[in-house]
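Peer 1: Have a peek at work15.tsv (TSV, C-alpha atoms and all ligand atoms).
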chain	number	residue	atom	x	y	z
A	1	MET	CA	-39.13	56.88	59.71
A	2	LEU	CA	-37.77	56.47	56.19
A	3	VAL	CA	-36.05	53.11	55.72
A	4	LEU	CA	-33.85	52.11	52.82
A	5	GLY	CA	-34.00	48.34	52.24
A	6	LEU	CA	-31.14	46.63	50.40
A	7	GLU	CA	-31.35	43.04	49.16
A	8	THR	CA	-28.49	41.09	47.55
A	9	SER	CA	-28.82	37.62	49.08
A	10	CYS	CA	-29.29	35.63	45.88
A	11	ASP	CA	-29.80	36.70	42.26
A	12	GLU	CA	-31.86	39.85	42.69
A	13	THR	CA	-30.25	43.23	43.38
A	14	ALA	CA	-32.96	45.30	45.02
A	15	ALA	CA	-33.44	48.59	46.84
A	16	ALA	CA	-36.60	50.17	48.21
A	17	LEU	CA	-37.69	53.14	50.29
A	18	VAL	CA	-40.40	52.39	52.82
A	19	GLU	CA	-41.95	54.73	55.33
A	20	ASP	CA	-42.63	53.45	58.87
A	21	GLY	CA	-42.46	49.85	57.72
A	22	ARG	CA	-45.82	50.20	55.93
A	23	ARG	CA	-45.76	52.55	52.94
A	24	VAL	CA	-43.65	51.83	49.85
A	25	LEU	CA	-42.27	54.94	48.15
A	26	SER	CA	-40.16	53.03	45.64
A	27	ASP	CA	-39.17	49.43	45.05
A	28	VAL	CA	-36.55	48.66	42.39
A	29	VAL	CA	-35.50	45.10	41.50
A	30	SER	CA	-32.78	44.23	39.02
A	31	THR	CA	-32.83	40.53	38.30
A	32	GLN	CA	-29.85	38.47	37.15
A	33	VAL	CA	-31.90	35.57	35.80
A	34	ASP	CA	-30.69	36.13	32.24
A	35	ILE	CA	-27.10	35.73	33.42
A	36	HIS	CA	-27.72	32.54	35.41
A	37	ARG	CA	-30.19	30.94	32.98
A	38	ARG	CA	-27.51	29.58	30.64
A	39	TRP	CA	-26.02	27.70	33.60
A	40	GLY	CA	-29.38	26.32	34.71
A	41	GLY	CA	-29.15	27.86	38.19
A	42	VAL	CA	-27.52	30.59	40.24
A	43	VAL	CA	-23.73	30.67	39.96
A	44	PRO	CA	-22.62	32.26	43.26
A	45	GLU	CA	-19.50	33.97	41.94
A	46	LEU	CA	-21.39	35.52	39.03
A	47	ALA	CA	-24.11	36.65	41.43
A	48	SER	CA	-21.63	38.49	43.66
A	49	ARG	CA	-19.94	40.19	40.72
A	50	ASN	CA	-23.22	41.35	39.25
A	51	HIS	CA	-24.46	42.67	42.58
A	52	ILE	CA	-21.33	44.84	42.66
A	53	VAL	CA	-22.17	46.19	39.21
A	54	GLN	CA	-25.89	46.73	39.88
A	55	VAL	CA	-26.15	47.82	43.49
A	56	MET	CA	-25.34	51.52	43.13
A	57	PRO	CA	-27.51	52.11	40.02
A	58	VAL	CA	-30.41	50.27	41.71
A	59	LEU	CA	-29.98	52.34	44.88
A	60	HIS	CA	-29.85	55.53	42.84
A	61	GLU	CA	-33.01	54.55	40.96
A	62	ALA	CA	-34.87	53.79	44.20
A	63	LEU	CA	-33.97	57.22	45.61
A	64	THR	CA	-34.88	58.99	42.36
A	65	ARG	CA	-38.26	57.25	42.02
A	66	ALA	CA	-39.11	58.19	45.61
A	67	GLY	CA	-37.92	61.77	45.07
A	68	LYS	CA	-35.51	61.38	47.99
A	69	THR	CA	-31.79	61.66	48.70
A	70	LEU	CA	-29.65	59.71	51.16
A	71	GLU	CA	-30.00	62.68	53.50
A	72	ASP	CA	-33.72	61.87	53.88
A	73	VAL	CA	-33.07	58.26	54.92
A	74	ASP	CA	-33.35	57.51	58.65
A	75	LEU	CA	-32.27	53.86	58.64
A	76	ILE	CA	-30.44	51.56	56.24
A	77	ALA	CA	-31.69	47.95	56.40
A	78	VAL	CA	-29.71	45.27	54.63
A	79	THR	CA	-30.22	41.52	54.25
A	80	SER	CA	-27.34	39.99	56.21
A	81	GLY	CA	-28.57	36.39	55.92
A	82	PRO	CA	-29.46	33.75	55.02
A	83	GLY	CA	-28.20	33.55	51.44
A	84	LEU	CA	-25.05	33.23	49.34
A	85	ILE	CA	-22.08	34.50	51.31
A	86	GLY	CA	-20.45	36.49	48.50
A	87	ALA	CA	-23.77	37.99	47.44
A	88	LEU	CA	-24.71	38.96	51.00
A	89	LEU	CA	-21.31	40.57	51.54
A	90	VAL	CA	-21.94	43.05	48.75
A	91	GLY	CA	-25.11	44.39	50.39
A	92	VAL	CA	-23.59	44.41	53.87
A	93	GLN	CA	-20.49	46.30	52.69
A	94	VAL	CA	-22.62	48.83	50.83
A	95	ALA	CA	-24.80	49.39	53.90
A	96	LYS	CA	-21.74	49.91	56.10
A	97	SER	CA	-20.16	52.27	53.57
A	98	LEU	CA	-23.34	54.32	53.24
A	99	SER	CA	-23.62	54.47	56.99
A	100	LEU	CA	-20.01	55.58	57.36
A	101	ALA	CA	-20.40	58.21	54.65
A	102	THR	CA	-23.72	59.65	55.88
A	103	GLY	CA	-23.72	58.97	59.60
A	104	LYS	CA	-27.07	57.15	59.24
A	105	PRO	CA	-27.62	54.01	61.31
A	106	PHE	CA	-27.95	50.57	59.75
A	107	VAL	CA	-29.32	47.22	60.76
A	108	GLY	CA	-28.96	43.65	59.45
A	109	ALA	CA	-32.27	42.08	58.40
A	110	ASN	CA	-33.15	38.41	58.09
A	111	HIS	CA	-34.27	37.52	54.57
A	112	LEU	CA	-36.90	35.04	55.81
A	113	GLU	CA	-38.32	37.57	58.23
A	114	GLY	CA	-38.52	39.89	55.24
A	115	HIS	CA	-40.63	37.36	53.31
A	116	LEU	CA	-42.86	36.81	56.37
A	117	LEU	CA	-43.37	40.52	57.07
A	118	ALA	CA	-43.84	41.68	53.46
A	119	ILE	CA	-47.55	41.26	54.19
A	120	ARG	CA	-47.25	44.38	56.42
A	121	LEU	CA	-47.18	46.39	53.20
A	122	LEU	CA	-50.83	45.56	52.54
A	123	GLU	CA	-53.34	48.00	53.94
A	124	ASP	CA	-55.29	45.16	55.48
A	125	ALA	CA	-52.33	43.40	57.14
A	126	PRO	CA	-52.75	40.71	59.79
A	127	GLU	CA	-51.40	41.24	63.29
A	128	PRO	CA	-49.59	38.37	65.02
A	129	PRO	CA	-50.20	35.67	66.00
A	130	PHE	CA	-50.43	34.01	62.60
A	131	LEU	CA	-49.02	31.00	60.80
A	132	GLY	CA	-46.54	31.88	58.06
A	133	LEU	CA	-45.47	29.58	55.27
A	134	VAL	CA	-42.26	30.71	53.57
A	135	VAL	CA	-41.91	28.91	50.24
A	136	SER	CA	-38.96	30.02	48.16
A	137	GLY	CA	-36.03	28.71	46.16
A	138	GLY	CA	-34.07	28.00	49.33
A	139	HIS	CA	-36.72	27.45	52.00
A	140	THR	CA	-40.02	25.75	52.70
A	141	SER	CA	-40.82	26.43	56.34
A	142	PHE	CA	-43.84	26.89	58.56
A	143	TYR	CA	-43.41	29.55	61.25
A	144	GLU	CA	-45.69	30.35	64.11
A	145	VAL	CA	-45.38	34.14	64.23
A	146	GLN	CA	-46.12	34.81	67.90
A	147	ASP	CA	-45.11	38.46	67.64
A	148	TYR	CA	-42.69	40.56	65.62
A	149	GLY	CA	-39.32	39.03	66.38
A	150	ARG	CA	-40.83	35.90	67.92
A	151	TYR	CA	-40.93	33.12	65.39
A	152	ARG	CA	-41.20	29.42	66.10
A	153	LEU	CA	-40.28	26.98	63.35
A	154	VAL	CA	-42.98	24.29	63.40
A	155	GLY	CA	-42.14	22.36	60.24
A	156	SER	CA	-40.06	22.48	57.10
A	157	THR	CA	-38.93	20.47	54.12
A	158	ARG	CA	-36.81	17.45	54.80
A	159	ASP	CA	-34.99	17.76	51.48
A	160	ASP	CA	-35.65	20.12	48.57
A	161	ALA	CA	-37.36	23.48	48.96
A	162	ALA	CA	-40.54	23.87	46.88
A	163	GLY	CA	-38.87	26.38	44.55
A	164	GLU	CA	-35.94	24.03	44.15
A	165	ALA	CA	-38.37	21.25	43.16
A	166	TYR	CA	-39.84	23.60	40.52
A	167	ASP	CA	-36.42	24.59	39.24
A	168	LYS	CA	-35.13	21.00	39.09
A	169	THR	CA	-38.31	19.74	37.42
A	170	ALA	CA	-38.08	22.53	34.84
A	171	ARG	CA	-34.55	21.41	34.11
A	172	ILE	CA	-35.69	17.80	33.57
A	173	LEU	CA	-38.37	19.08	31.19
A	174	GLY	CA	-36.00	21.36	29.27
A	175	LEU	CA	-37.77	24.52	30.51
A	176	PRO	CA	-35.83	27.70	31.37
A	177	TYR	CA	-34.49	28.67	34.80
A	178	PRO	CA	-36.09	29.68	37.14
A	179	GLY	CA	-38.70	27.02	36.53
A	180	GLY	CA	-41.56	28.28	38.69
A	181	LEU	CA	-43.24	30.65	36.30
A	182	PRO	CA	-42.89	28.57	33.08
A	183	ILE	CA	-44.29	25.47	34.82
A	184	ASP	CA	-47.10	27.55	36.36
A	185	GLN	CA	-48.03	28.96	32.94
A	186	LEU	CA	-47.99	25.57	31.21
A	187	ALA	CA	-49.87	23.98	34.11
A	188	GLN	CA	-52.78	26.34	33.57
A	189	LYS	CA	-53.35	24.72	30.17
A	190	GLY	CA	-52.96	21.15	31.42
A	191	ASN	CA	-54.95	18.44	33.17
A	192	PRO	CA	-53.87	18.12	36.83
A	193	GLU	CA	-55.27	14.60	36.95
A	194	ALA	CA	-53.33	13.31	33.96
A	195	ILE	CA	-50.57	11.74	36.09
A	196	HIS	CA	-50.78	10.94	39.77
A	197	PHE	CA	-47.57	12.06	41.41
A	198	PRO	CA	-46.80	11.15	45.05
A	199	ARG	CA	-47.63	13.45	47.97
A	200	ALA	CA	-45.01	12.95	50.66
A	201	LEU	CA	-45.59	12.67	54.42
A	202	PRO	CA	-49.37	13.01	54.42
A	203	GLN	CA	-49.46	11.89	58.08
A	204	GLN	CA	-51.03	14.29	60.53
A	205	ASP	CA	-48.28	14.15	63.16
A	206	THR	CA	-45.69	16.24	61.34
A	207	PHE	CA	-45.71	19.61	59.63
A	208	ASP	CA	-42.68	18.64	57.61
A	209	VAL	CA	-42.90	18.20	53.86
A	210	SER	CA	-40.64	16.55	51.29
A	211	PHE	CA	-40.23	17.07	47.56
A	212	SER	CA	-37.37	14.82	46.52
A	213	GLY	CA	-39.72	11.87	45.87
A	214	LEU	CA	-41.86	14.01	43.60
A	215	LYS	CA	-38.82	15.17	41.65
A	216	THR	CA	-37.67	11.55	41.26
A	217	ALA	CA	-41.16	10.54	40.10
A	218	VAL	CA	-41.02	13.20	37.37
A	219	LEU	CA	-37.55	12.01	36.38
A	220	ASN	CA	-38.69	8.38	36.20
A	221	HIS	CA	-41.72	9.37	34.16
A	222	VAL	CA	-39.52	11.21	31.68
A	223	ARG	CA	-36.97	8.37	31.51
A	224	LYS	CA	-39.77	5.97	30.68
A	225	ASN	CA	-41.80	8.12	28.28
A	226	GLY	CA	-39.33	10.71	27.00
A	227	VAL	CA	-39.57	14.47	27.49
A	228	PRO	CA	-43.21	15.33	26.74
A	229	GLN	CA	-44.19	18.00	24.25
A	230	GLY	CA	-47.31	20.06	23.60
A	231	GLN	CA	-50.40	19.05	25.54
A	232	GLU	CA	-48.56	16.21	27.29
A	233	LEU	CA	-46.03	18.68	28.65
A	234	ALA	CA	-48.83	20.90	29.94
A	235	ASP	CA	-50.48	17.86	31.55
A	236	LEU	CA	-47.26	16.84	33.27
A	237	CYS	CA	-46.72	20.41	34.56
A	238	ALA	CA	-50.32	20.56	35.83
A	239	SER	CA	-49.96	17.18	37.58
A	240	PHE	CA	-46.66	18.21	39.18
A	241	GLN	CA	-48.08	21.56	40.26
A	242	GLU	CA	-51.14	19.87	41.74
A	243	ALA	CA	-48.92	17.56	43.82
A	244	VAL	CA	-46.96	20.53	45.23
A	245	ALA	CA	-50.02	22.68	45.90
A	246	ASP	CA	-52.02	19.79	47.37
A	247	ALA	CA	-49.27	18.72	49.79
A	248	LEU	CA	-48.41	22.26	50.91
A	249	SER	CA	-51.93	23.62	51.29
A	250	LYS	CA	-53.06	20.54	53.25
A	251	LYS	CA	-50.18	20.83	55.71
A	252	PHE	CA	-50.66	24.59	55.94
A	253	VAL	CA	-54.31	24.36	56.94
A	254	ALA	CA	-53.73	21.37	59.24
A	255	ALA	CA	-50.93	23.23	61.04
A	256	ALA	CA	-53.05	26.36	61.52
A	257	ARG	CA	-55.88	24.28	62.98
A	258	ARG	CA	-53.60	22.26	65.23
A	259	LEU	CA	-51.90	25.40	66.55
A	260	GLY	CA	-55.20	27.23	66.95
A	261	LEU	CA	-54.19	30.07	64.62
A	262	GLN	CA	-56.94	31.86	62.70
A	263	ARG	CA	-54.71	33.83	60.36
A	264	MET	CA	-52.30	32.49	57.78
A	265	VAL	CA	-49.73	34.17	55.54
A	266	LEU	CA	-48.29	32.59	52.40
A	267	CYS	CA	-45.02	34.18	51.25
A	268	GLY	CA	-41.76	33.72	49.32
A	269	GLY	CA	-41.23	33.27	45.58
A	270	VAL	CA	-43.39	30.13	45.26
A	271	ALA	CA	-46.28	32.01	46.89
A	272	ALA	CA	-46.59	33.60	43.43
A	273	ASN	CA	-47.86	30.23	42.19
A	274	SER	CA	-51.42	30.39	40.87
A	275	ARG	CA	-52.51	26.93	42.03
A	276	LEU	CA	-50.87	27.13	45.47
A	277	ARG	CA	-52.68	30.44	45.99
A	278	SER	CA	-56.11	29.23	44.87
A	279	LEU	CA	-56.00	25.86	46.61
A	280	SER	CA	-54.70	27.37	49.89
A	281	LEU	CA	-57.47	29.99	49.76
A	282	GLU	CA	-60.10	27.34	49.07
A	283	ARG	CA	-58.95	25.09	51.92
A	284	ALA	CA	-58.53	27.96	54.39
A	285	GLN	CA	-62.04	29.20	53.64
A	286	GLU	CA	-63.50	25.71	54.09
A	287	ARG	CA	-62.11	25.77	57.63
A	288	ASN	CA	-63.04	29.39	58.37
A	289	LEU	CA	-59.42	30.46	58.44
A	290	ARG	CA	-58.24	33.72	56.96
A	291	LEU	CA	-55.42	33.49	54.43
A	292	TYR	CA	-53.44	36.62	53.52
A	293	LEU	CA	-51.69	36.62	50.16
A	294	PRO	CA	-49.10	39.23	49.24
A	295	PRO	CA	-49.30	40.47	45.63
A	296	VAL	CA	-46.94	38.57	43.33
A	297	ARG	CA	-44.31	41.36	43.19
A	298	LEU	CA	-43.94	41.13	46.99
A	299	CYS	CA	-43.58	37.33	46.91
A	300	THR	CA	-40.30	37.19	45.00
A	301	ASP	CA	-37.18	38.86	46.43
A	302	ASN	CA	-37.40	42.63	46.79
A	303	GLY	CA	-36.01	45.49	48.86
A	304	ALA	CA	-39.32	46.57	50.41
A	305	MET	CA	-39.61	43.37	52.46
A	306	VAL	CA	-36.07	43.95	53.77
A	307	ALA	CA	-36.99	47.50	54.78
A	308	VAL	CA	-39.97	46.14	56.75
A	309	ALA	CA	-37.89	43.46	58.49
A	310	GLY	CA	-35.16	46.03	59.25
A	311	TYR	CA	-37.69	48.49	60.61
A	312	GLU	CA	-39.23	45.86	62.90
A	313	ALA	CA	-35.76	44.75	64.07
A	314	TRP	CA	-34.92	48.40	64.82
A	315	ARG	CA	-38.13	48.79	66.81
A	316	ARG	CA	-37.07	45.77	68.88
A	317	GLY	CA	-33.84	47.57	69.69
A	318	LEU	CA	-31.50	45.86	67.24
A	319	ARG	CA	-28.63	48.02	65.97
A	320	GLY	CA	-25.98	47.25	63.37
A	321	ASP	CA	-22.37	48.03	64.05
A	322	PHE	CA	-19.33	47.71	61.86
A	323	ARG	CA	-18.68	44.18	63.10
A	324	LEU	CA	-21.95	43.03	61.47
A	325	ALA	CA	-21.12	39.92	59.45
A	326	ALA	CA	-23.06	38.30	56.64
A	327	ASP	CA	-24.48	35.02	57.94
A	328	PRO	CA	-25.29	32.63	55.08
A	329	ALA	CA	-27.08	30.17	57.38
A	330	TRP	CA	-28.87	32.60	59.72
A	331	ARG	CA	-31.75	30.69	61.31
A	332	MET	CA	-34.71	32.65	62.44
B	401	LIG	O1	-38.18	34.13	47.16
B	401	LIG	P1	-37.47	33.98	45.87
B	401	LIG	O2	-37.56	35.09	44.87
B	401	LIG	O3	-35.93	33.73	46.12
B	401	LIG	C1	-35.47	32.97	47.18
B	401	LIG	O4	-35.37	33.51	48.31
B	401	LIG	O5	-35.23	31.76	46.93
B	401	LIG	O6	-37.98	32.59	45.23
B	401	LIG	C2	-37.50	32.13	44.00
B	401	LIG	C3	-38.20	30.82	43.69
B	401	LIG	C4	-37.64	30.11	42.45
B	401	LIG	O7	-37.37	28.76	42.79
B	401	LIG	C5	-38.77	30.21	41.43
B	401	LIG	O8	-38.82	29.11	40.54
B	401	LIG	C6	-39.99	30.26	42.34
B	401	LIG	O9	-39.59	31.05	43.43
B	401	LIG	N1	-41.18	30.85	41.69
B	401	LIG	C7	-42.32	30.16	41.45
B	401	LIG	C8	-43.19	31.04	40.76
B	401	LIG	N2	-42.55	32.23	40.62
B	401	LIG	C9	-41.32	32.10	41.19
B	401	LIG	N3	-42.65	28.88	41.74
B	401	LIG	C10	-43.87	28.46	41.37
B	401	LIG	N4	-44.76	29.23	40.70
B	401	LIG	C11	-44.47	30.52	40.37
B	401	LIG	N5	-45.37	31.26	39.70
B	402	ZN	ZN	-36.30	35.02	48.99
Can you dump the structure from the file as structure tokens?
Peer 2:
Amino acid sequence: MLVLGLETSCDETAAALVEDGRRVLSDVVSTQVDIHRRWGGVVPELASRNHIVQVMPVLHEALTRAGKTLEDVDLIAVTSGPGLIGALLVGVQVAKSLSLATGKPFVGANHLEGHLLAIRLLEDAPEPPFLGLVVSGGHTSFYEVQDYGRYRLVGSTRDDAAGEAYDKTARILGLPYPGGLPIDQLAQKGNPEAIHFPRALPQQDTFDVSFSGLKTAVLNHVRKNGVPQGQELADLCASFQEAVADALSKKFVAAARRLGLQRMVLCGGVAANSRLRSLSLERAQERNLRLYLPPVRLCTDNGAMVAVAGYEAWRRGLRGDFRLAADPAWRM
């Protein structure tokens, strides 16, 4: 079954062709970061407008790279939530229009399920049950994946998402948006022990995390000492990154052990982070747990993950109809 995945939930316009939810034929991502960077974050109205401009060229490119036409597509999968309402609407309307024009069926896919199931695109993919940690710009949530379509939320952030903490910290430090990659790169040249930043909620009885205290600690540090430069900036980034990776990887491993899950999946944009990856791997191995890491290009938003989630939803019997609405707060 050839599935077209369409993603327009935030600031990436993406389309991909995936066969049977496992094999990627093409995966095209057009990012709007250059547009939003000057505003220091995603401007929803600009995002919607640019999705309108980009969506057809991106779709065309995905078909061309795969050597396919719309006639070859068996199912159109589109992110219908969660995300920015105006941005989601663009993808949903395009999916409906394509369906109307070609007679092909479509289905609404959950963006978070897409992040969780992107791991299916690896040859050596884990079967459920496993513990998934979705860490992105909008979410930081632990899910017990009991089966495809059966997800239990076991913990999440009480305030900022991890990606949001990165983006806000970057802003404090005068680094470009989105802040994840620049902080990660600087952190690799810094001393993670230079500054001790707080780790929130280290107690064992909750799988929730919190990042607002860490962000405030960075802000207070900068207010007191000024915005660091050179090696001091690298040291601050490394110390911040260590606090995030330490808190998340500890909770991740503790949750897997408590729930009796042997397999773990780290996903979402922040799963691209070098220290979160290495520390999670280290801690999982210490406990004889198996951690699956998607390659970096599958961590950040893409169309292939949407095709997988749509394919799995279709297999469960879900069907889109023309009443399908974008749901900005769709909980999984
Ligand atoms: O999953 P994603 O592409 O979009 C959402 O669904 O939110 O995640 C974007 C987030 C941004 O906050 C960005 O700063 C963060 O992922 N990110 C990273 C890295 N690469 C992207 N955070 C930490 N380290 C990275 N290397
Ligand atoms: Zn995402």
Peer 1: Which residues are near ligand LIG 401 (chain B) in this structure, taking near to mean any atom at most 8 Å from a ligand atom and counting all atoms listed in the file? Format them as a tab-separated table (two decimals) with C-alpha atoms, keeping the file's coordinate frame.
Peer 2:
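For reference, part09.tsv as written:
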chain	number	residue	atom	x	y	z
A	9	SER	CA	-28.82	37.62	49.08
A	10	CYS	CA	-29.29	35.63	45.88
A	11	ASP	CA	-29.80	36.70	42.26
A	12	GLU	CA	-31.86	39.85	42.69
A	83	GLY	CA	-28.20	33.55	51.44
A	111	HIS	CA	-34.27	37.52	54.57
A	112	LEU	CA	-36.90	35.04	55.81
A	115	HIS	CA	-40.63	37.36	53.31
A	135	VAL	CA	-41.91	28.91	50.24
A	136	SER	CA	-38.96	30.02	48.16
A	137	GLY	CA	-36.03	28.71	46.16
A	138	GLY	CA	-34.07	28.00	49.33
A	139	HIS	CA	-36.72	27.45	52.00
A	162	ALA	CA	-40.54	23.87	46.88
A	163	GLY	CA	-38.87	26.38	44.55
A	164	GLU	CA	-35.94	24.03	44.15
A	165	ALA	CA	-38.37	21.25	43.16
A	166	TYR	CA	-39.84	23.60	40.52
A	167	ASP	CA	-36.42	24.59	39.24
A	177	TYR	CA	-34.49	28.67	34.80
A	178	PRO	CA	-36.09	29.68	37.14
A	179	GLY	CA	-38.70	27.02	36.53
A	180	GLY	CA	-41.56	28.28	38.69
A	181	LEU	CA	-43.24	30.65	36.30
A	182	PRO	CA	-42.89	28.57	33.08
A	183	ILE	CA	-44.29	25.47	34.82
A	184	ASP	CA	-47.10	27.55	36.36
A	185	GLN	CA	-48.03	28.96	32.94
A	267	CYS	CA	-45.02	34.18	51.25
A	268	GLY	CA	-41.76	33.72	49.32
A	269	GLY	CA	-41.23	33.27	45.58
A	270	VAL	CA	-43.39	30.13	45.26
A	271	ALA	CA	-46.28	32.01	46.89
A	272	ALA	CA	-46.59	33.60	43.43
A	273	ASN	CA	-47.86	30.23	42.19
A	274	SER	CA	-51.42	30.39	40.87
A	299	CYS	CA	-43.58	37.33	46.91
A	300	THR	CA	-40.30	37.19	45.00
A	301	ASP	CA	-37.18	38.86	46.43
A	302	ASN	CA	-37.40	42.63	46.79
Peer 1: Within 7 Å of Asn191 (chain A), counting all atoms listed in the file, which residues show up once you throw out same-chain ones fewer than 5 positions away? Write them as a list in words, please.
Peer 2: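 Listed by chain and then number, they are Asp235, Ala238 and Ser239 of chain A.
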Peer 1: Using only C-alpha atoms, determine which residues lie at most 6 Å from region 318-332 of chain A, disregarding the query and same-chain residues fewer than 5 positions distant; provide the list as a list in words.
Peer 2: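 Listing them by chain and then by number gives Ser80, Gly81, Pro82, Gly83, Leu84, Ile85, Leu88, Leu89, Phe106, Val107 and Ala313 of chain A.
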Peer 1: CA of Ala304 (chain A) and CA of Ala15 (chain A), how far apart in Å?
Peer 2: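 CA of Ala304 (chain A) lies 7.2 Å from CA of Ala15 (chain A).
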Peer 1: Could you check how far CA of Val73 (chain A) sits from CA of Val3 (chain A), in Å to one decimal?
Peer 2: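 The value is 6.0 Å.
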Peer 1: Pick the closest to ligand ZN 402 (chain B) from A:Pro57, A:Gly108, A:Pro294, A:Gly114: which is it, counting all atoms listed in the file?
Peer 2: A:Gly114
Peer 1: Give me, please, the distance in Å between CA of Val24 (chain A) and CA of Leu293 (chain A), quoted to one decimal.
Peer 2: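 Calculated distance between CA of Val24 (chain A) and CA of Leu293 (chain A) is 17.2 Å.
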Peer 1: Just want the 12 Å neighbourhood of Val43 (chain A), counted on all atoms listed in the file, with same-chain residues fewer than 5 positions away dropped. Output as a compact mmCIF listing (two decimals) with C-alpha atoms, keeping the file's coordinate frame.
Peer 2:
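Written out: part-v4.txt:
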# COMPACT_ATOMS: atom_id res chain seq x y z
CA CYS A 10 -29.29 35.63 45.88
CA ASP A 11 -29.80 36.70 42.26
CA GLN A 32 -29.85 38.47 37.15
CA VAL A 33 -31.90 35.57 35.80
CA ASP A 34 -30.69 36.13 32.24
CA ILE A 35 -27.10 35.73 33.42
CA HIS A 36 -27.72 32.54 35.41
CA ARG A 37 -30.19 30.94 32.98
CA ARG A 38 -27.51 29.58 30.64
CA SER A 48 -21.63 38.49 43.66
CA ARG A 49 -19.94 40.19 40.72
CA ASN A 50 -23.22 41.35 39.25
CA LEU A 84 -25.05 33.23 49.34
CA GLY A 86 -20.45 36.49 48.50
CA ALA A 87 -23.77 37.99 47.44
Peer 1: Skipping near chain neighbours, those fewer than 2 positions away, what residues fall within 9 Å of region 275-284 of chain A using all atoms listed in the file, listed as a PDB file with C-alpha atoms, keeping the file's coordinate frame?
Peer 2:
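Saved result, selection27.pdb, follows:
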ATOM      1  CA  ASP A 184     -47.100  27.550  36.360  1.00  0.00           C
ATOM      2  CA  ALA A 187     -49.870  23.980  34.110  1.00  0.00           C
ATOM      3  CA  GLN A 188     -52.780  26.340  33.570  1.00  0.00           C
ATOM      4  CA  GLN A 241     -48.080  21.560  40.260  1.00  0.00           C
ATOM      5  CA  GLU A 242     -51.140  19.870  41.740  1.00  0.00           C
ATOM      6  CA  VAL A 244     -46.960  20.530  45.230  1.00  0.00           C
ATOM      7  CA  ALA A 245     -50.020  22.680  45.900  1.00  0.00           C
ATOM      8  CA  ASP A 246     -52.020  19.790  47.370  1.00  0.00           C
ATOM      9  CA  LEU A 248     -48.410  22.260  50.910  1.00  0.00           C
ATOM     10  CA  SER A 249     -51.930  23.620  51.290  1.00  0.00           C
ATOM     11  CA  LYS A 250     -53.060  20.540  53.250  1.00  0.00           C
ATOM     12  CA  PHE A 252     -50.660  24.590  55.940  1.00  0.00           C
ATOM     13  CA  VAL A 253     -54.310  24.360  56.940  1.00  0.00           C
ATOM     14  CA  MET A 264     -52.300  32.490  57.780  1.00  0.00           C
ATOM     15  CA  LEU A 266     -48.290  32.590  52.400  1.00  0.00           C
ATOM     16  CA  VAL A 270     -43.390  30.130  45.260  1.00  0.00           C
ATOM     17  CA  ALA A 271     -46.280  32.010  46.890  1.00  0.00           C
ATOM     18  CA  ALA A 272     -46.590  33.600  43.430  1.00  0.00           C
ATOM     19  CA  ASN A 273     -47.860  30.230  42.190  1.00  0.00           C
ATOM     20  CA  GLU A 286     -63.500  25.710  54.090  1.00  0.00           C
ATOM     21  CA  ARG A 287     -62.110  25.770  57.630  1.00  0.00           C
ATOM     22  CA  ASN A 288     -63.040  29.390  58.370  1.00  0.00           C
ATOM     23  CA  LEU A 289     -59.420  30.460  58.440  1.00  0.00           C
ATOM     24  CA  ARG A 290     -58.240  33.720  56.960  1.00  0.00           C
ATOM     25  CA  LEU A 291     -55.420  33.490  54.430  1.00  0.00           C
ATOM     26  CA  TYR A 292     -53.440  36.620  53.520  1.00  0.00           C
ATOM     27  CA  LEU A 293     -51.690  36.620  50.160  1.00  0.00           C
TER      28      LEU A 293
END
Peer 1: With all atoms listed in the file as the atoms that count, which of A:Ala217, A:Leu201, A:Pro192, A:Ala14 lies nearest to ligand ZN 402 (chain B)?
Peer 2: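 Residue with the minimum atom-to-atom distance to ligand ZN 402 (chain B): A:Ala14.
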Peer 1: I need the residue nearest ligand ZN 402 (chain B) from this list: A:Ile76, A:Ala256, A:Ala118, A:Val92. Use all atoms listed in the file for the distance.
Peer 2: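 With all atoms listed in the file as the atom set, the closest residue is A:Ala118.
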Peer 1: Could you add whatever atoms are missing so that region 44-51 of chain A carries N, CA and C atoms, then write the result as a CSV table (one decimal), keeping the file's coordinate frame?
Peer 2:
chain,number,residue,atom,x,y,z
A,44,PRO,N,-22.9,31.3,42.2
A,44,PRO,CA,-22.6,32.3,43.3
A,44,PRO,C,-21.6,33.4,42.9
A,45,GLU,N,-20.5,33.0,42.3
A,45,GLU,CA,-19.5,34.0,41.9
A,45,GLU,C,-20.0,35.0,41.0
A,46,LEU,N,-20.8,34.6,40.0
A,46,LEU,CA,-21.4,35.5,39.0
A,46,LEU,C,-22.4,36.4,39.7
A,47,ALA,N,-23.1,35.9,40.7
A,47,ALA,CA,-24.1,36.6,41.4
A,47,ALA,C,-23.4,37.8,42.2
A,48,SER,N,-22.3,37.5,42.9
A,48,SER,CA,-21.6,38.5,43.7
A,48,SER,C,-21.1,39.6,42.7
A,49,ARG,N,-20.5,39.2,41.6
A,49,ARG,CA,-19.9,40.2,40.7
A,49,ARG,C,-21.0,41.1,40.2
A,50,ASN,N,-22.2,40.5,39.8
A,50,ASN,CA,-23.2,41.4,39.2
A,50,ASN,C,-23.9,42.2,40.3
A,51,HIS,N,-23.9,41.8,41.5
A,51,HIS,CA,-24.5,42.7,42.6
A,51,HIS,C,-23.6,43.9,42.7
